[in-house]
Protein chains: 2
Amino acid sequence: MKKNLKIGVFGFGCVGQGLYHVLQETQGIKAEIKKFCVKNKNKERILDDSFFTFDKDEILNDPDIDVVVELIDDANAAFEIVKTALQNGKAVVTANKKMLAEHLEEIYDLQQKYNKPVLYEGSVCGAIPIIRNLEEYYDNDTLSSIEGIFNGSTNYILTKVFEERKSYEDSLRKAQELGFAESDPSLDVKGFDAKYKLVIAIAHTFGVFVKPEDIINLGIDKINDADLKYARENNLGIKLVVRAFKLNGHVYGLVAPQFIESNNMLASVRNEYNAVIVQGAFSERQLFVGKGAGSYPTGSAVLSDISALTYDYRYEYKKRTQGTKLVFSNKATVEVLVSFSQKAQINISDFEEFKGGYQGKESQYMHGLVALEKLKVWAAVDGISIILTPEFVLVPSKREAALA
Amino acid sequence: MKKNLKIGVFGFGCVGQGLYHVLQETQGIKAEIKKFCVKNKNKERILDDSFFTFDKDEILNDPDIDVVVELIDDANAAFEIVKTALQNGKAVVTANKKMLAEHLEEIYDLQQKYNKPVLYEGSVCGAIPIIRNLEEYYDNDTLSSIEGIFNGSTNYILTKVFEERKSYEDSLRKAQELGFAESDPSLDVKGFDAKYKLVIAIAHTFGVFVKPEDIINLGIDKINDADLKYARENNLGIKLVVRAFKLNGHVYGLVAPQFIESNNMLASVRNEYNAVIVQGAFSERQLFVGKGAGSYPTGSAVLSDISALTYDYRYEYKKRTQGTKLVFSNKATVEVLVSFSQKAQINISDFEEFKGGYQGKESQYMHGLVALEKLKVWAAVDGISIILTPEFVLVPSKREAALA
C-alpha cells in the first residue's frame, strides 16, 4: 500500500536542509531525495555535488521523480514550478505561503485538472498541523471562527517589548538586527506574512478563496510609545491577531494588532510561538500552539506531507464541496483605539460611532467604531497607529446585513 | 468513495444525546442512527420509542448496521459489546477509556483478526484530536514525550482553589456537589481517569501497550492546606499532570500532582479545559488545548470517528509496527515534596536522596528523590500528600540503566 517515493527538491536553504536531516533520521517513511535544484553555483554545500543541479528541468522532466518539494523564496518562480510539476504528473509539497495565497484557486483547479495533489501543511504556522486538522478532523463540525498568532517574528518582538519593558522602536530595530525577520522584513511587521497564511486557512475553514489584496492587514510597525503606555496602564498586552469568522452568510477576516487581556488564551503565547484557535459549534474552542517557523518545525511539516503522499493523501477541500456558499466581505466596522501624532489628520466624523478621545501633550487618541475601508486608508498614512480593543467588536454594515 | 453508514448506538446518556444532535445538524456526513440500545425501560426519552431497543442483539445481529457506537458506563459490558461487534463484522466507535485501557492489546488483536477498525478519539481529552494527530501527523517524527492535563474535573477544582483562594477541602466537596465528577468520583480525584487516557496515549505515542495497574497514579485527594500555603508562598500553582516519555530504551510514565510555575505552558490551562503537550525531535513542543468532556465536545469527537469510517479510516498503530521495541518501566526515582501529618510515618531513609525538610506546628514536609514504588506505597496511606517539584526530575535506577 505504501509507495516508495522519489523526491526532487527546489531550494537548499534552512527548510531544505532541515528536511534533509529530518528524513535522514526518520524510520519508516519510504521516500528518498534524488536531487536538489539550487541557484547559486558558487556556494559551499554540506552534501556531495551529485545531489545538486542548477537546471530545473532535471527535476521537472525526470520521470523517475514522483514528488516535487518546492522551498524557494521567489513566489512567481515557485508557482511556475508547481504548475509544471502538476502538468508533468508529479505531486507537489510546498511551504510557500505567498505563492499559495496569490494562486490558491488556480492551484485548486490545477489539482482537479491533472489529478495530482498539492500539500502545504508547512505554509501555515509551521509545525502546527492546522490544515490537516481543518480538512480531516473538523470536516463534520460547523466551524464558526479561526483566529490566532500566525507570525513568530512579530510575536517575538511584542513579547520582548512587554516583558523587558523596552521602548518599542528599539525592540523592533533589535529584532530586525538579530535576523528574525524574513528577507523582506516588511512582510512580517506589516502583517503580510500573517495575511497569506490567513488566506490559506480561510479556504480550509470556510471553503472560500479570497485574494490577499481583499483582506486588510495592519502591522505592528506603527505602534508607538503612547500605545504601550496605554496598554501598561490598563494591564493589557498587544498581539498581532489574525482572524476570520462566519456571520450572516459572510466571511469577515483581517489581520490587526489587538490589546489582549491577561486571561485571553493568546496572552500566554510567547516569543516565536504561533497559536491557532478554532471554534466549532460542537467541538467548542480548541487551541493549538507550536513553533511557527524554523528549519526543523517546517521541515517536519513538509515531511509529514511527504509521508501522507505515500498513502495517496490529498486535500479534499471539503468545506468547499459540502458547505453553503459563503462570500468574503469587508463591509463592516470594527472597534479600535487610534493614536496619532499632531500632523496626522483624524476627525470624529471619520468614526461610524465615536466613543471618546484623549489629547495630551505628547499623544492623542480616539476610540470608536471605524469602517474597515477607512482603516485601509489610515494604514497607508504615517503616524497613525490602529489597535483593536480587547473585546473584539465587528458590526456588519447595514446595507450588507440587509442583503444577507 | 464515501459510504452511507447505518449506526447502532449503545447508551443514550449525555454523549449519546450530544451525538444525536450533532449528527442532526451536520451536513455532508453520510451516516444515520438506526437504533439506540438502552437499559432503563421506564425513562422518558426525547425521541420516538421506535428508536430504542432493550435487546443488545437487535443491534449486534442486525446485518444492516455497519457501525456500533458504544457509549455506556460499564467497562466490562462495553468490552463484550466491542468484541461481539467486531466478530460480527462491524466497525466500532467508543469513548470508554476505562474499557480501552484495560483491554487495549486485546482490542488491537481483535482488529487484526476480524479486519474491522475500532476508533476512539473521544476517549482521550474529548474534542482534542490527539489520537488522530499521533497516528497521522507525527508518524514520521521521533516523539520523545507526551504530557498534559487529561482530566477536566480535577483541573476545575484546582483552578477554583487557586483563583478563589478557597480551602482545598471545601472546593473538593463543592465540585463534587456540582456533579462535576464521574458517577464514581474517585476515578477523577484519585487520577484513575487520567491514567486510563495515558495508557491509550502511550500506545499511540510509543507503540507500547501498558496495563493500567502498572502505571502509578497519585490523585489530588490528599492535597492539604500546607501544600496550598507552600504553593502560594512560592508563587506556584498545582496541576494534576499526566506524562510519559522515552529514556534509554524505556518508557516511563505516571500521573501525579505537580507544582507548576507561572510560565509553564500548562499554567494557563484553566477550569475544565484539557491540554496535551507533544514533544517531537523535529516538530519541537506542540500544545493542544480544548474541552476534555461534555456531551458536545465528546459527541463531536465520536462523530469525527464516524466520519472517518466513511473513508475506511483505521488506526495503523504505526509506532508499534515501525518503532524500536520500547519497554515500560517504573524503576526510577522522582523528585517530590511530601507533606504529612504527625501520625504518618515517613523517614529520611525512605528517600533515595534527601534534600531537606521542614517541621512546623501544624505541618511538616520533606523534599527529595523517592523511588516510584515507594510512592505507590505512600499513596495507599492516609495523611500523606505527594507533589512533584516544578522542574520534573526522574532518574532511572542504576540497575535498570545498566540493562538499557
# chains A, B, ... in the order shown; residues from 1 in each chain; ligands from 1
>>> select_by_dssp(residues="segment 65-291 of chain A", states="strand (DSSP E or B)", output="PyMOL selection string")
chain A and resi 67-70+91-94+118-119+143-149+216-217+237-247+250-260+273-280+284-291
>>> select_by_dssp(residues="segment 96-223 of chain B", states="helix (DSSP H, G or I)", output="JSON, numbers by chain")
{"B": [97, 98, 99, 100, 101, 102, 103, 104, 105, 106, 107, 108, 109, 110, 111, 112, 113, 114, 121, 122, 123, 130, 131, 132, 133, 134, 135, 136, 137, 152, 153, 154, 155, 156, 157, 158, 159, 160, 161, 162, 163, 168, 169, 170, 171, 172, 173, 174, 175, 176, 177, 186, 187, 188, 189, 192, 193, 194, 195, 196, 197, 198, 199, 200, 201, 202, 203, 204, 205, 206, 212, 213, 214]}
>>> write_last_selection(atoms="C-alpha atoms", output="JSON list (two decimals), in the first residue's frame")
[["chain", "number", "residue", "atom", "x", "y", "z"],
["B", 97, "LYS", "CA", -11.34, 4.97, 28.33],
["B", 98, "LYS", "CA", -11.52, 2.50, 31.21],
["B", 99, "MET", "CA", -12.52, -0.34, 28.89],
["B", 100, "LEU", "CA", -9.91, 0.63, 26.32],
["B", 101, "ALA", "CA", -7.12, 0.96, 28.89],
["B", 102, "GLU", "CA", -7.89, -2.43, 30.38],
["B", 103, "HIS", "CA", -8.20, -4.27, 27.04],
["B", 104, "LEU", "CA", -6.13, -2.27, 24.57],
["B", 105, "GLU", "CA", -3.84, -5.09, 23.43],
["B", 106, "GLU", "CA", -6.80, -7.47, 23.03],
["B", 107, "ILE", "CA", -8.67, -4.82, 21.05],
["B", 108, "TYR", "CA", -5.60, -4.36, 18.85],
["B", 109, "ASP", "CA", -5.51, -8.13, 18.23],
["B", 110, "LEU", "CA", -9.25, -8.32, 17.57],
["B", 111, "GLN", "CA", -8.96, -5.58, 14.95],
["B", 112, "GLN", "CA", -6.29, -7.59, 13.13],
["B", 113, "LYS", "CA", -8.22, -10.85, 13.48],
["B", 114, "TYR", "CA", -11.57, -9.59, 12.20],
["B", 121, "GLU", "CA", -10.79, 9.71, 19.60],
["B", 122, "GLY", "CA", -13.38, 10.74, 22.19],
["B", 123, "SER", "CA", -11.75, 8.60, 24.86],
["B", 130, "ILE", "CA", -4.87, 13.86, 19.85],
["B", 131, "ILE", "CA", -5.06, 10.20, 18.80],
["B", 132, "ARG", "CA", -5.59, 11.13, 15.16],
["B", 133, "ASN", "CA", -2.63, 13.51, 15.27],
["B", 134, "LEU", "CA", -0.36, 11.00, 16.98],
["B", 135, "GLU", "CA", -1.31, 8.40, 14.37],
["B", 136, "GLU", "CA", -1.26, 10.54, 11.27],
["B", 137, "TYR", "CA", 0.66, 13.70, 11.71],
["B", 152, "GLY", "CA", -11.24, 18.31, 33.45],
["B", 153, "SER", "CA", -12.93, 17.83, 36.84],
["B", 154, "THR", "CA", -9.71, 17.91, 38.83],
["B", 155, "ASN", "CA", -8.42, 20.85, 36.79],
["B", 156, "TYR", "CA", -11.64, 22.70, 37.56],
["B", 157, "ILE", "CA", -11.23, 22.04, 41.28],
["B", 158, "LEU", "CA", -7.59, 23.12, 41.32],
["B", 159, "THR", "CA", -8.39, 26.27, 39.32],
["B", 160, "LYS", "CA", -11.10, 27.29, 41.78],
["B", 161, "VAL", "CA", -8.86, 26.60, 44.77],
["B", 162, "PHE", "CA", -6.12, 28.84, 43.44],
["B", 163, "GLU", "CA", -8.15, 31.61, 41.79],
["B", 168, "TYR", "CA", -8.97, 22.81, 49.50],
["B", 169, "GLU", "CA", -11.42, 20.58, 51.32],
["B", 170, "ASP", "CA", -14.33, 22.98, 50.67],
["B", 171, "SER", "CA", -13.59, 23.23, 46.94],
["B", 172, "LEU", "CA", -13.33, 19.50, 46.51],
["B", 173, "ARG", "CA", -16.64, 18.96, 48.27],
["B", 174, "LYS", "CA", -18.32, 21.74, 46.33],
["B", 175, "ALA", "CA", -17.14, 20.46, 42.95],
["B", 176, "GLN", "CA", -18.44, 17.02, 43.81],
["B", 177, "GLU", "CA", -21.79, 18.53, 44.82],
["B", 186, "SER", "CA", -12.72, 8.60, 42.91],
["B", 187, "LEU", "CA", -11.94, 7.84, 39.24],
["B", 188, "ASP", "CA", -11.32, 11.57, 38.78],
["B", 189, "VAL", "CA", -9.79, 12.76, 42.03],
["B", 192, "PHE", "CA", -7.57, 6.84, 37.52],
["B", 193, "ASP", "CA", -9.48, 8.55, 34.73],
["B", 194, "ALA", "CA", -6.33, 10.43, 33.69],
["B", 195, "LYS", "CA", -4.34, 7.18, 33.87],
["B", 196, "TYR", "CA", -6.70, 5.32, 31.55],
["B", 197, "LYS", "CA", -6.21, 8.07, 28.99],
["B", 198, "LEU", "CA", -2.45, 7.91, 29.47],
["B", 199, "VAL", "CA", -2.47, 4.16, 28.71],
["B", 200, "ILE", "CA", -4.19, 4.90, 25.39],
["B", 201, "ALA", "CA", -1.89, 7.83, 24.60],
["B", 202, "ILE", "CA", 1.23, 5.73, 25.29],
["B", 203, "ALA", "CA", 0.10, 3.12, 22.76],
["B", 204, "HIS", "CA", -0.18, 5.76, 20.02],
["B", 205, "THR", "CA", 2.89, 7.77, 21.04],
["B", 206, "PHE", "CA", 5.40, 4.98, 21.66],
["B", 212, "PRO", "CA", -3.26, 0.41, 33.84],
["B", 213, "GLU", "CA", -2.19, -1.30, 37.07],
["B", 214, "ASP", "CA", 1.46, -0.87, 36.02]]
>>> residues_around(residues="Lys355 of chain B", least_positions_apart="5", cutoff="10 Å", atoms="only C-alpha atoms", output="compact mmCIF listing (two decimals) with C-alpha atoms, in the first residue's frame")
# COMPACT_ATOMS: atom_id res chain seq x y z
CA GLU B 335 11.77 14.44 42.95
CA VAL B 336 8.84 15.23 45.22
CA LEU B 337 7.70 17.32 48.11
CA ILE B 348 14.72 10.37 55.79
CA MET B 366 10.30 16.53 53.29
CA HIS B 367 11.83 17.10 49.89
CA GLY B 368 13.95 14.75 47.80
CA LEU B 369 14.18 11.87 45.35
>>> closest_residue(among="A:Phe351, A:Phe340, A:Tyr20, A:Phe328", to="chain B", atoms="only C-alpha atoms")
A:Tyr20
>>> closest_residue(among="B:Thr94, B:Asn274, B:Thr26, B:Ser363", to="Ala75 of chain B", atoms="only C-alpha atoms")
B:Thr94
